[in-house]
Structures are given as structure tokens and as C-alpha cells.
>>> print(open('my_file16.txt').read())   # compact mmCIF, C-alpha atoms and all ligand atoms
# COMPACT_ATOMS: atom_id res chain seq x y z
CA MET A 18 72.89 95.13 107.25
CA GLU A 19 75.63 97.79 107.72
CA GLU A 20 77.58 95.32 109.90
CA LYS A 21 77.97 93.03 106.89
CA LEU A 22 79.76 95.69 104.83
CA LEU A 23 83.54 95.55 104.70
CA ARG A 24 84.20 99.20 104.02
CA GLY A 25 87.56 100.26 102.62
CA LYS A 26 87.89 103.59 104.45
CA PRO A 27 88.80 102.27 107.92
CA VAL A 28 91.39 100.01 106.28
CA ALA A 29 92.88 102.93 104.33
CA ASP A 30 92.88 105.10 107.47
CA ALA A 31 94.68 102.45 109.53
CA LEU A 32 97.29 101.98 106.80
CA THR A 33 97.71 105.76 106.54
CA ASP A 34 98.31 106.17 110.29
CA ASP A 35 100.97 103.47 110.21
CA ILE A 36 102.68 105.03 107.16
CA ILE A 37 102.66 108.53 108.73
CA ASP A 38 104.41 107.13 111.78
CA LYS A 39 107.10 105.33 109.75
CA VAL A 40 107.64 108.24 107.32
CA GLY A 41 108.13 110.55 110.32
CA LYS A 42 110.97 108.35 111.56
CA LEU A 43 112.62 108.40 108.12
CA ASN A 44 112.24 112.19 107.88
CA ASP A 45 114.09 112.47 111.22
CA GLN A 46 117.02 110.77 109.47
CA GLY A 47 116.81 113.16 106.49
CA ILE A 48 115.11 110.59 104.22
CA PHE A 49 112.00 111.58 102.24
CA PRO A 50 110.11 108.77 100.43
CA LYS A 51 109.04 109.82 96.95
CA LEU A 52 106.73 108.31 94.33
CA ALA A 53 107.14 109.21 90.65
CA MET A 54 104.25 108.71 88.26
CA LEU A 55 105.01 108.30 84.58
CA LYS A 56 102.15 108.97 82.21
CA VAL A 57 101.60 109.38 78.50
CA GLY A 58 98.89 111.66 77.13
CA ASN A 59 95.76 112.65 79.00
CA ARG A 60 93.53 109.66 79.77
CA ALA A 61 90.65 110.38 82.17
CA ASP A 62 91.36 107.10 84.08
CA ASP A 63 94.98 108.13 84.65
CA ALA A 64 93.94 111.59 85.86
CA SER A 65 91.58 110.15 88.45
CA TYR A 66 94.12 107.57 89.66
CA GLN A 67 96.81 110.27 89.77
CA LYS A 68 94.56 112.49 91.90
CA GLY A 69 93.76 109.68 94.33
CA ALA A 70 97.41 108.63 94.61
CA THR A 71 98.65 112.23 95.04
CA ASN A 72 96.10 112.99 97.77
CA ARG A 73 96.73 109.79 99.70
CA CYS A 74 100.52 110.14 99.46
CA ALA A 75 100.23 113.74 100.71
CA LYS A 76 98.22 112.51 103.73
CA CYS A 77 100.89 109.89 104.40
CA GLY A 78 103.82 112.30 104.05
CA VAL A 79 105.05 110.57 100.88
CA GLU A 80 106.25 113.03 98.22
CA THR A 81 105.03 112.69 94.64
CA MET A 82 106.08 113.91 91.22
CA VAL A 83 104.55 113.39 87.79
CA VAL A 84 106.41 112.98 84.52
CA GLU A 85 104.03 113.68 81.65
CA LEU A 86 104.93 112.67 78.14
CA ALA A 87 103.05 113.71 75.01
CA GLU A 88 100.59 111.20 73.54
CA ASP A 89 102.80 110.88 70.44
CA CYS A 90 106.11 110.44 72.28
CA SER A 91 108.28 107.64 70.93
CA GLN A 92 109.10 104.41 72.72
CA GLU A 93 112.69 105.72 73.03
CA ASP A 94 111.40 108.88 74.77
CA TYR A 95 109.41 106.70 77.16
CA LEU A 96 112.35 104.45 77.96
CA ALA A 97 114.62 107.48 78.48
CA ALA A 98 112.14 108.96 80.99
CA LEU A 99 111.88 105.62 82.77
CA GLU A 100 115.67 105.29 82.90
CA ASP A 101 115.95 108.81 84.42
CA LEU A 102 113.56 107.76 87.18
CA ASN A 103 115.41 104.47 87.71
CA LYS A 104 118.63 106.46 88.24
CA ASP A 105 117.14 109.31 90.31
CA GLU A 106 118.18 108.59 93.90
CA THR A 107 115.47 110.89 95.29
CA VAL A 108 112.80 108.63 93.69
CA HIS A 109 111.94 105.40 95.51
CA GLY A 110 108.76 104.24 93.81
CA ILE A 111 107.75 104.40 90.14
CA LEU A 112 104.17 104.00 88.91
CA CYS A 113 103.77 103.60 85.15
CA PHE A 114 100.22 104.42 84.09
CA ARG A 115 98.72 101.76 81.86
CA PRO A 116 97.50 100.92 79.31
CA LEU A 117 100.13 102.66 77.21
CA PRO A 118 99.32 103.99 73.71
CA ALA A 119 99.53 101.26 71.06
CA HIS A 120 102.83 102.55 69.59
CA ILE A 121 104.64 101.89 72.90
CA ASP A 122 105.12 98.17 73.36
CA GLU A 123 104.28 97.33 76.97
CA GLU A 124 105.74 93.85 76.47
CA ILE A 125 109.14 95.50 75.89
CA VAL A 126 109.13 98.49 78.24
CA LYS A 127 107.99 96.47 81.28
CA TYR A 128 111.47 94.91 81.41
CA TYR A 129 113.11 98.34 81.87
CA ILE A 130 111.66 99.48 85.21
CA ASP A 131 114.00 98.95 88.17
CA ASP A 132 112.26 96.17 90.12
CA LYS A 133 113.46 97.71 93.39
CA LYS A 134 111.25 100.75 92.58
CA ASP A 135 108.43 98.85 90.88
CA VAL A 136 105.69 99.63 93.41
CA ASP A 137 102.77 98.44 91.24
CA CYS A 138 104.26 95.22 89.86
CA PHE A 139 104.88 96.23 86.23
CA SER A 140 108.02 94.14 85.73
CA PRO A 141 107.87 90.37 85.18
CA LEU A 142 110.63 90.17 87.80
CA SER A 143 108.22 91.65 90.35
CA LEU A 144 105.64 89.03 89.42
CA ALA A 145 108.28 86.31 89.84
CA LYS A 146 108.93 87.62 93.35
CA ILE A 147 105.22 87.25 94.17
CA MET A 148 105.25 83.71 92.76
CA SER A 149 108.30 82.72 94.78
CA GLY A 150 107.09 84.43 97.96
CA ASP A 151 110.06 86.89 98.01
CA LYS A 152 109.02 89.43 100.63
CA ARG A 153 111.07 92.24 99.03
CA GLY A 154 108.75 92.22 95.99
CA PHE A 155 105.77 94.52 95.49
CA ALA A 156 102.43 92.93 94.62
CA PRO A 157 100.09 94.98 92.42
CA CYS A 158 98.19 97.47 94.60
CA THR A 159 94.64 96.22 93.98
CA PRO A 160 95.26 92.53 94.89
CA MET A 161 97.27 93.68 97.91
CA GLY A 162 94.34 95.92 98.88
CA VAL A 163 92.09 92.83 98.89
CA ILE A 164 94.51 91.04 101.22
CA GLU A 165 94.65 94.07 103.56
CA ILE A 166 90.85 94.24 103.75
CA LEU A 167 90.66 90.55 104.69
CA LYS A 168 93.41 91.07 107.27
CA TYR A 169 91.86 94.20 108.79
CA TYR A 170 88.47 92.51 109.22
CA ASP A 171 90.10 89.38 110.65
CA ILE A 172 88.91 87.03 107.94
CA ASP A 173 90.91 83.85 108.17
CA LEU A 174 92.32 82.57 104.88
CA ARG A 175 94.09 79.42 106.03
CA GLY A 176 92.55 76.29 104.53
CA LYS A 177 89.57 78.23 103.17
CA ASN A 178 88.14 77.50 99.73
CA VAL A 179 88.57 80.74 97.82
CA THR A 180 87.34 81.27 94.27
CA VAL A 181 88.81 84.09 92.20
CA LEU A 182 86.70 85.07 89.20
CA GLY A 183 89.17 86.56 86.71
CA ARG A 184 92.75 85.77 85.70
CA SER A 185 94.19 89.10 84.48
CA MET A 186 97.83 89.93 85.19
CA VAL A 187 96.80 93.05 87.15
CA VAL A 188 94.23 91.49 89.45
CA GLY A 189 93.18 87.83 89.22
CA LYS A 190 96.50 85.98 88.76
CA PRO A 191 98.63 87.86 91.30
CA LEU A 192 95.75 87.86 93.77
CA SER A 193 95.43 84.09 93.45
CA MET A 194 99.12 83.76 94.28
CA LEU A 195 98.83 86.05 97.32
CA LEU A 196 95.91 83.94 98.59
CA LEU A 197 97.83 80.72 97.97
CA ASN A 198 100.82 82.16 99.87
CA ARG A 199 98.39 82.64 102.78
CA ASP A 200 97.35 78.97 102.74
CA SER A 201 93.99 79.28 101.00
CA THR A 202 92.83 76.59 98.59
CA VAL A 203 92.41 78.69 95.47
CA THR A 204 90.25 78.06 92.41
CA ILE A 205 90.80 80.48 89.51
CA CYS A 206 87.94 80.91 87.03
CA HIS A 207 87.74 82.78 83.73
CA SER A 208 85.48 83.31 80.77
CA LYS A 209 85.95 79.73 79.52
CA SER A 210 85.25 78.14 82.92
CA LYS A 211 82.28 75.79 83.01
CA ASP A 212 79.76 75.45 85.80
CA LEU A 213 80.84 78.68 87.46
CA GLU A 214 77.78 78.81 89.66
CA ASN A 215 78.48 75.47 91.33
CA ILE A 216 82.20 76.20 91.74
CA VAL A 217 81.46 79.49 93.49
CA LYS A 218 78.77 77.84 95.62
CA GLU A 219 81.45 75.64 97.23
CA SER A 220 83.51 78.70 98.22
CA ASP A 221 83.98 80.13 101.69
CA ILE A 222 85.30 83.29 100.07
CA LEU A 223 84.55 84.70 96.62
CA VAL A 224 86.73 87.39 95.06
CA SER A 225 85.22 88.68 91.84
CA CYS A 226 87.38 90.61 89.38
CA MET A 227 85.65 90.03 86.04
CA GLY A 228 84.38 93.49 85.15
CA ARG A 229 80.79 92.22 84.60
CA ALA A 230 78.11 94.42 86.17
CA LYS A 231 76.03 92.54 88.77
CA ALA A 232 76.80 89.18 87.11
CA VAL A 233 76.86 87.29 90.42
CA ASP A 234 73.56 86.87 92.23
CA LYS A 235 72.55 84.87 95.32
CA SER A 236 72.24 81.62 93.36
CA TYR A 237 76.09 81.54 93.34
CA ILE A 238 76.62 82.21 97.01
CA LYS A 239 77.15 79.70 99.80
CA GLU A 240 75.32 80.64 103.02
CA GLY A 241 77.70 82.69 105.19
CA ALA A 242 80.33 83.25 102.47
CA VAL A 243 82.57 86.33 102.39
CA VAL A 244 82.45 88.29 99.13
CA ILE A 245 85.13 90.68 97.94
CA ASP A 246 83.94 92.61 94.90
CA VAL A 247 86.82 94.11 92.92
CA GLY A 248 84.74 94.93 89.83
CA ILE A 249 84.14 98.54 88.89
CA ASN A 250 81.29 98.72 86.40
CA PHE A 251 78.30 100.86 85.57
CA ASP A 252 74.74 99.55 85.55
CA GLN A 253 71.99 100.41 83.08
CA GLU A 254 71.22 103.65 84.92
CA GLY A 255 74.89 104.65 84.76
CA LYS A 256 75.42 104.00 88.49
CA MET A 257 78.72 102.54 89.61
CA CYS A 258 78.41 98.91 90.68
CA GLY A 259 80.49 95.81 91.21
CA ASP A 260 80.42 92.32 89.68
CA VAL A 261 78.10 91.17 92.43
CA ASP A 262 74.45 92.15 92.84
CA THR A 263 74.91 93.35 96.42
CA ASP A 264 71.22 93.81 97.25
CA ASP A 265 70.44 90.31 96.04
CA VAL A 266 73.25 88.51 97.93
CA LEU A 267 73.22 90.58 101.14
CA GLU A 268 71.04 88.20 103.15
CA ARG A 269 73.12 85.17 102.23
CA VAL A 270 76.67 86.54 102.78
CA SER A 271 78.38 87.01 106.12
CA HIS A 272 80.36 89.97 104.75
CA ILE A 273 80.73 91.85 101.49
CA THR A 274 82.73 94.82 100.22
CA PRO A 275 80.56 97.61 98.81
CA VAL A 276 81.11 99.23 95.40
CA PRO A 277 81.95 102.08 95.58
CA GLY A 278 83.61 102.33 99.00
CA GLY A 279 85.30 98.93 99.15
CA VAL A 280 88.47 97.67 97.48
CA GLY A 281 88.95 100.84 95.40
CA SER A 282 89.33 102.97 98.54
CA VAL A 283 92.37 101.02 99.73
CA THR A 284 94.52 100.90 96.58
CA SER A 285 96.22 104.29 96.93
CA SER A 286 97.21 103.57 100.55
CA ILE A 287 98.93 100.40 99.36
CA LEU A 288 100.78 102.45 96.76
CA ALA A 289 101.99 104.85 99.48
CA ARG A 290 103.03 101.93 101.69
CA HIS A 291 104.92 100.26 98.85
CA THR A 292 106.78 103.52 98.18
CA LEU A 293 107.71 103.74 101.85
CA ARG A 294 108.91 100.13 101.83
CA ALA A 295 110.90 100.66 98.60
CA CYS A 296 112.55 103.67 100.26
CA ILE A 297 113.46 101.63 103.35
CA GLN A 298 114.83 98.78 101.21
CA LEU A 299 116.81 101.10 98.91
CA HIS A 300 118.44 102.66 101.98
CA ASP A 301 119.19 99.20 103.41
CA LEU A 302 117.40 100.09 106.65
P1 LIG A 401 90.30 92.20 82.57
O1 LIG A 401 91.72 92.31 82.20
O2 LIG A 401 89.24 92.49 81.57
O3 LIG A 401 90.07 90.69 83.10
C1 LIG A 401 88.81 90.21 83.39
C2 LIG A 401 88.91 88.74 83.75
O4 LIG A 401 87.61 88.27 84.05
C3 LIG A 401 89.47 87.86 82.64
O5 LIG A 401 90.36 86.90 83.17
C4 LIG A 401 88.23 87.19 82.05
O6 LIG A 401 88.46 85.88 81.55
C5 LIG A 401 87.34 87.10 83.28
N1 LIG A 401 85.94 87.09 82.89
C6 LIG A 401 85.30 87.99 82.11
N2 LIG A 401 84.01 87.64 81.97
C7 LIG A 401 83.85 86.49 82.67
C8 LIG A 401 82.74 85.63 82.90
N3 LIG A 401 81.53 85.89 82.37
N4 LIG A 401 82.94 84.55 83.66
C9 LIG A 401 84.13 84.28 84.20
N5 LIG A 401 85.23 85.06 84.03
C10 LIG A 401 85.07 86.15 83.25
O7 LIG A 401 89.95 93.09 83.83
P2 LIG A 401 90.89 93.53 85.09
O8 LIG A 401 91.80 94.62 84.66
O9 LIG A 401 91.42 92.32 85.77
O10 LIG A 401 89.76 94.19 86.01
C11 LIG A 401 88.67 93.43 86.48
C12 LIG A 401 87.66 94.34 87.15
O11 LIG A 401 88.28 94.91 88.30
C13 LIG A 401 87.18 95.53 86.30
O12 LIG A 401 85.85 95.81 86.62
C14 LIG A 401 88.07 96.67 86.76
O13 LIG A 401 87.46 97.94 86.57
C15 LIG A 401 88.20 96.33 88.22
N6 LIG A 401 89.39 96.90 88.86
C16 LIG A 401 89.20 97.49 90.07
C17 LIG A 401 90.27 98.04 90.74
C18 LIG A 401 90.04 98.65 92.09
O14 LIG A 401 90.87 99.40 92.57
N7 LIG A 401 88.92 98.32 92.76
C19 LIG A 401 91.54 98.01 90.17
C20 LIG A 401 91.73 97.35 88.96
C21 LIG A 401 90.64 96.81 88.32
P3 LIG A 401 89.44 85.58 80.28
O15 LIG A 401 90.83 85.64 80.84
O16 LIG A 401 89.05 84.21 79.86
O17 LIG A 401 89.16 86.63 79.27
>>> encode(input="my_file16.txt", output="C-alpha cells", more="lines below")
Ligand code: NAP
Amino acid sequence: MEEKLLRGKPVADALTDDIIDKVGKLNDQGIFPKLAMLKVGNRADDASYQKGATNRCAKCGVETMVVELAEDCSQEDYLAALEDLNKDETVHGILCFRPLPAHIDEEIVKYYIDDKKDVDCFSPLSLAKIMSGDKRGFAPCTPMGVIEILKYYDIDLRGKNVTVLGRSMVVGKPLSMLLLNRDSTVTICHSKSKDLENIVKESDILVSCMGRAKAVDKSYIKEGAVVIDVGINFDQEGKMCGDVDTDDVLERVSHITPVPGGVGSVTSSILARHTLRACIQLHDL
């Protein structure tokens, strides 16, 4: 059954090798790509993402820095820190950890990040670039990781019926647009969708990003379908699992990403690659 698993590590390793090569060429010209991470307070989720991003960037030769603001910093403090990073010519990519504390209005601050440095698609302008197919834009890292996995494992998207379960701004919606840009026929489902099981059963490819532990079993799956499981959940025993009951669907699918070890393993490599690309674009190379 191992051959059915679309593991994230080989994808991340291939991306890393390519980034190392390109960063080396920039370094020869005296250019050093750098990612800045802006965080508020001390959330455990942020710390783990920061660690993953820092380690992967280090492997790729991409420099990192972290700007930490106190949990009770004001919105003005936050915007001032963001503006400093926008202006800092040694910084090419900015990652704003989210969600922000309630007293900082994400709906306001998201307009302040320089879209040329917006490597995780915080700004509405970045989203507009994805919608319009502008290749200079940066898609959010997780949806882009899904696309890279499909590409690495040679899974054709053109003309395929793809169902995306979930419509959040960080995963489902931008991912649907990336799939559409690659000529898939995309159906987007959400918590108010009816007859989910039959919709998914018509799909050549299912991407699940609902955040519902093992909600999808084999009754949803078309024989030979490809399943990409973006969900990160914990089952009743506290074990990490996806949205899809992998053991149950394994016989029916042609391929499936494991959780853990699938989509989540690719995200930080995408972040490093986006920082590299931002650096190249900012230098007009
Ligand atoms: P989110 O903002 O909570 O969005 C979940 C989406 O799923 C919503 O659109 C919701 O519909 C839909 N949904 C929820 N229950 C459903 C149901 N029973 N049937 C159909 N649709 C349903 O979550 P998110 O931030 O997009 O994250 C989704 C999952 O991906 C989470 O498990 C998260 O941990 C994981 N994730 C993984 C990575 C990674 O690197 N692998 C990165 C980011 C997120 P409504 O819009 O109608 O509410």
C-alpha cells in the first residue's frame, strides 16, 4: 500500500535542492534572500510554524529574522513594525503570523503589507493576483503545497473533476482558484453543501480542507480517485489525523497523502521558494 502514499518529504527535498541552487547564484552576486516573520505574543501554533520555517529556510540558504511584539501591543505598534519590514531593503519576504489577537483588526492591517513581499498571501491584492492569474503574485503556502505535490507525482489536473471540501480564505478558496487556473473542473463544497457524498463520488480528485477528523470514508470515494488530505486534526485517542479515514479509503483510492507526512511537510519549502522569488522580483532579475 506504500506505493499509494503521496509523501510530502520527497517533494520538499526536491524543492529545497532547486532553491539551494538558485540561492547560490544570487549569493554569488552579493544578494541574500531574507524572510521576516512578524508575530504577536507566544502562541504554540506560531512557535511550531516558526521552527519549521526557520529550519527549512536555513537548509535552503534563505536567511530569516523574527520580529516579536508583546501580546498587548497596539494596532499602531503592529503597523509600525510591518511598515519597517516593508521598507527594509534586506527583507524580501514577510510572513505575518495569524490569527492576530482580537484587539488588532486583521481586516485593516492586511492592507498594509507590501504585496511584493507578501509571501503567504495576506493582502487582498495578493489574492486578486491569484484570481487574475498574475504570475508575480504569491499564493498561500498550503494551497501551493497541494499543487506542488500533484505536480511532483505527475497527477494530471487538466479537465479533471476536482472537489474541494472547504472554502476558507487560507486554504479552500485560493486552492480552488489555483486548480481552476490549471484547467480542472472545480466544485467547492462547504458546511451548507447538500449531498456531499454524491458530489465527492463523482470526483477524480478530492482535496479535503474542512478540519473534521476522519469525516470522509470510502462511501465518498470514486474507485481510483486521488485524495489530498489537508486537514490536521486529532482523533479520539489524541493521534494526529486528517479529514479522511485513510485506512478505510486506502483500497479504493489510487493515491492519497498521509497525515502526518503529507501536505504539511511541503508548506515551509513553498515559503522559502516564495521568499527567493520575491527577492528575484524585487531585484528585477
Ligand atoms: P476553516 O477556516 O475552519 O475552514 C474550514 C472549511 O471547511 C469551511 O469552509 C467550512 O465551511 C468547511 N467545512 C467544515 N465542516 C464541514 C462539513 N462537515 N462539510 C463540508 N464542509 C465543511 O479551516 P482552514 O483554516 O481552512 O483549515 C482547514 C483544515 O486544514 C484544518 O484541519 C487545518 O488544521 C488544516 N490546515 C493544514 C495546513 C497544512 O499545512 N497541512 C495548513 C493550514 C490548515 P463553512 O465555510 O460553511 O463554514
>>> residues_around(input="my_file16.txt", residues="A:Tyr237", least_positions_apart="3", cutoff="7 Å", atoms="only C-alpha atoms", output="PyMOL selection string")
chain A and resi 214-215+217-218+233-234
>>> write_last_selection(input="my_file16.txt", atoms="C-alpha atoms", output="PDB file, in the frame of the given file")
ATOM      1  CA  GLU A 214      77.780  78.810  89.660  1.00  0.00           C
ATOM      2  CA  ASN A 215      78.480  75.470  91.330  1.00  0.00           C
ATOM      3  CA  VAL A 217      81.460  79.490  93.490  1.00  0.00           C
ATOM      4  CA  LYS A 218      78.770  77.840  95.620  1.00  0.00           C
ATOM      5  CA  VAL A 233      76.860  87.290  90.420  1.00  0.00           C
ATOM      6  CA  ASP A 234      73.560  86.870  92.230  1.00  0.00           C
TER       7      ASP A 234
END
>>> closest_residue(input="my_file16.txt", among="A:Gln46, A:Asn72, A:Thr107, A:Gln92", to="A:Cys296", atoms="only C-alpha atoms")
A:Thr107
>>> atom_distance(input="my_file16.txt", atom1="atom CA of A:Leu112", atom2="atom CA of A:Ile205")
27.1 Å
>>> residues_near_ligand(input="my_file16.txt", ligand="ligand LIG 401 (chain A)", cutoff="9 Å", atoms="all atoms listed in the file", output="PyMOL selection string")
chain A and resi 158-160+162-163+181-190+206-211+213+225-230+232+246-250+259-260+276-277+279-285
>>> residues_around(input="my_file16.txt", residues="A:Ile147", least_positions_apart="6", cutoff="10 Å", atoms="all atoms listed in the file", output="PDB file with C-alpha atoms, keeping the file's coordinate frame")
ATOM      1  CA  CYS A 138     104.260  95.220  89.860  1.00  0.00           C
ATOM      2  CA  PRO A 141     107.870  90.370  85.180  1.00  0.00           C
ATOM      3  CA  ARG A 153     111.070  92.240  99.030  1.00  0.00           C
ATOM      4  CA  GLY A 154     108.750  92.220  95.990  1.00  0.00           C
ATOM      5  CA  PHE A 155     105.770  94.520  95.490  1.00  0.00           C
ATOM      6  CA  ALA A 156     102.430  92.930  94.620  1.00  0.00           C
ATOM      7  CA  PRO A 157     100.090  94.980  92.420  1.00  0.00           C
ATOM      8  CA  PRO A 191      98.630  87.860  91.300  1.00  0.00           C
ATOM      9  CA  LEU A 192      95.750  87.860  93.770  1.00  0.00           C
ATOM     10  CA  MET A 194      99.120  83.760  94.280  1.00  0.00           C
ATOM     11  CA  LEU A 195      98.830  86.050  97.320  1.00  0.00           C
ATOM     12  CA  ASN A 198     100.820  82.160  99.870  1.00  0.00           C
TER      13      ASN A 198
END
>>> residues_around(input="my_file16.txt", residues="A:Lys104", least_positions_apart="4", cutoff="12 Å", atoms="all atoms listed in the file", output="list of chain:residue names")
A:Ala97, A:Ala98, A:Leu99, A:Glu100, A:Val108, A:His109, A:Gly110, A:Ile111, A:Tyr129, A:Ile130, A:Asp131, A:Lys133, A:Lys134
>>> write_last_selection(input="my_file16.txt", atoms="C-alpha atoms", output="PDB file, in the coordinates of the input")
ATOM      1  CA  ALA A  97     114.620 107.480  78.480  1.00  0.00           C
ATOM      2  CA  ALA A  98     112.140 108.960  80.990  1.00  0.00           C
ATOM      3  CA  LEU A  99     111.880 105.620  82.770  1.00  0.00           C
ATOM      4  CA  GLU A 100     115.670 105.290  82.900  1.00  0.00           C
ATOM      5  CA  VAL A 108     112.800 108.630  93.690  1.00  0.00           C
ATOM      6  CA  HIS A 109     111.940 105.400  95.510  1.00  0.00           C
ATOM      7  CA  GLY A 110     108.760 104.240  93.810  1.00  0.00           C
ATOM      8  CA  ILE A 111     107.750 104.400  90.140  1.00  0.00           C
ATOM      9  CA  TYR A 129     113.110  98.340  81.870  1.00  0.00           C
ATOM     10  CA  ILE A 130     111.660  99.480  85.210  1.00  0.00           C
ATOM     11  CA  ASP A 131     114.000  98.950  88.170  1.00  0.00           C
ATOM     12  CA  LYS A 133     113.460  97.710  93.390  1.00  0.00           C
ATOM     13  CA  LYS A 134     111.250 100.750  92.580  1.00  0.00           C
TER      14      LYS A 134
END
>>> atom_distance(input="my_file16.txt", atom1="atom CA of A:Ser193", atom2="atom CA of A:Asn178")
11.7 Å
>>> atom_distance(input="my_file16.txt", atom1="atom CA of A:Glu19", atom2="atom CA of A:Ile245")
15.4 Å
>>> closest_residue(input="my_file16.txt", among="A:Glu85, A:Val126, A:Leu302, A:Lys235", to="A:Arg269", atoms="only C-alpha atoms")
A:Lys235
>>> residues_around(input="my_file16.txt", residues="A:Val83", least_positions_apart="6", cutoff="8 Å", atoms="all atoms listed in the file", output="list in words")
Ala53, Met54, Leu55 and Lys56 of chain A
>>> closest_residue(input="my_file16.txt", among="A:Arg175, A:Lys256, A:Lys127, A:His272", to="A:Glu240", atoms="only C-alpha atoms")
A:His272
>>> residues_around(input="my_file16.txt", residues="stretch 36-39 of chain A", least_positions_apart="4", cutoff="9 Å", atoms="only C-alpha atoms", output="MDAnalysis selection string")
chainID A and resid 31:32 43:44 76:79 286 289:290 293
>>> closest_residue(input="my_file16.txt", among="A:Leu144, A:Met18, A:Ile121, A:Ile216", to="A:Glu93", atoms="only C-alpha atoms")
A:Ile121
>>> build_atoms(input="my_file16.txt", residues="stretch 95-115 of chain A", atoms="N, CA, C and O atoms", output="short mmCIF file (atom, residue, chain, number, x, y, z; two decimals), in the frame of the given file")
data_model
loop_
_atom_site.label_atom_id
_atom_site.label_comp_id
_atom_site.auth_asym_id
_atom_site.auth_seq_id
_atom_site.Cartn_x
_atom_site.Cartn_y
_atom_site.Cartn_z
N TYR A 95 109.99 107.32 75.96
CA TYR A 95 109.41 106.70 77.16
C TYR A 95 110.50 105.99 77.96
O TYR A 95 110.61 106.17 79.18
N LEU A 96 111.31 105.21 77.25
CA LEU A 96 112.35 104.45 77.96
C LEU A 96 113.39 105.39 78.59
O LEU A 96 113.90 105.11 79.68
N ALA A 97 113.66 106.51 77.92
CA ALA A 97 114.62 107.48 78.48
C ALA A 97 114.07 108.08 79.78
O ALA A 97 114.80 108.22 80.77
N ALA A 98 112.76 108.39 79.77
CA ALA A 98 112.14 108.96 80.99
C ALA A 98 112.16 107.93 82.12
O ALA A 98 112.44 108.27 83.28
N LEU A 99 111.89 106.69 81.76
CA LEU A 99 111.88 105.62 82.77
C LEU A 99 113.29 105.42 83.34
O LEU A 99 113.47 105.28 84.56
N GLU A 100 114.27 105.47 82.47
CA GLU A 100 115.67 105.29 82.90
C GLU A 100 116.09 106.43 83.84
O GLU A 100 116.78 106.20 84.83
N ASP A 101 115.65 107.67 83.53
CA ASP A 101 115.95 108.81 84.42
C ASP A 101 115.40 108.55 85.82
O ASP A 101 116.06 108.84 86.82
N LEU A 102 114.18 108.02 85.87
CA LEU A 102 113.56 107.76 87.18
C LEU A 102 114.26 106.59 87.90
O LEU A 102 114.43 106.62 89.12
N ASN A 103 114.65 105.58 87.12
CA ASN A 103 115.41 104.47 87.71
C ASN A 103 116.67 104.98 88.41
O ASN A 103 117.03 104.54 89.49
N LYS A 104 117.33 105.97 87.74
CA LYS A 104 118.63 106.46 88.24
C LYS A 104 118.48 107.51 89.34
O LYS A 104 119.42 107.74 90.11
N ASP A 105 117.34 108.19 89.37
CA ASP A 105 117.14 109.31 90.31
C ASP A 105 117.10 108.81 91.76
O ASP A 105 116.14 108.12 92.16
N GLU A 106 118.10 109.14 92.54
CA GLU A 106 118.18 108.59 93.90
C GLU A 106 117.14 109.19 94.85
O GLU A 106 116.92 108.67 95.94
N THR A 107 116.51 110.32 94.43
CA THR A 107 115.47 110.89 95.29
C THR A 107 114.11 110.19 95.05
O THR A 107 113.16 110.43 95.78
N VAL A 108 114.04 109.35 94.01
CA VAL A 108 112.80 108.63 93.69
C VAL A 108 112.91 107.19 94.18
O VAL A 108 113.88 106.50 93.87
N HIS A 109 111.88 106.76 94.95
CA HIS A 109 111.94 105.40 95.51
C HIS A 109 110.91 104.46 94.90
O HIS A 109 111.11 103.26 94.86
N GLY A 110 109.79 105.05 94.45
CA GLY A 110 108.76 104.24 93.81
C GLY A 110 108.40 104.82 92.46
O GLY A 110 108.37 106.04 92.29
N ILE A 111 108.16 103.93 91.47
CA ILE A 111 107.75 104.40 90.14
C ILE A 111 106.43 103.71 89.78
O ILE A 111 106.31 102.49 89.88
N LEU A 112 105.45 104.54 89.38
CA LEU A 112 104.17 104.00 88.91
C LEU A 112 104.02 104.37 87.44
O LEU A 112 104.01 105.55 87.10
N CYS A 113 103.97 103.36 86.58
CA CYS A 113 103.77 103.60 85.15
C CYS A 113 102.29 103.45 84.84
O CYS A 113 101.73 102.35 85.01
N PHE A 114 101.65 104.52 84.42
CA PHE A 114 100.22 104.42 84.09
C PHE A 114 100.04 103.54 82.86
O PHE A 114 100.77 103.67 81.88
N ARG A 115 99.04 102.68 82.93
CA ARG A 115 98.72 101.76 81.86
C ARG A 115 97.22 101.73 81.64
O ARG A 115 96.49 102.02 82.59
#
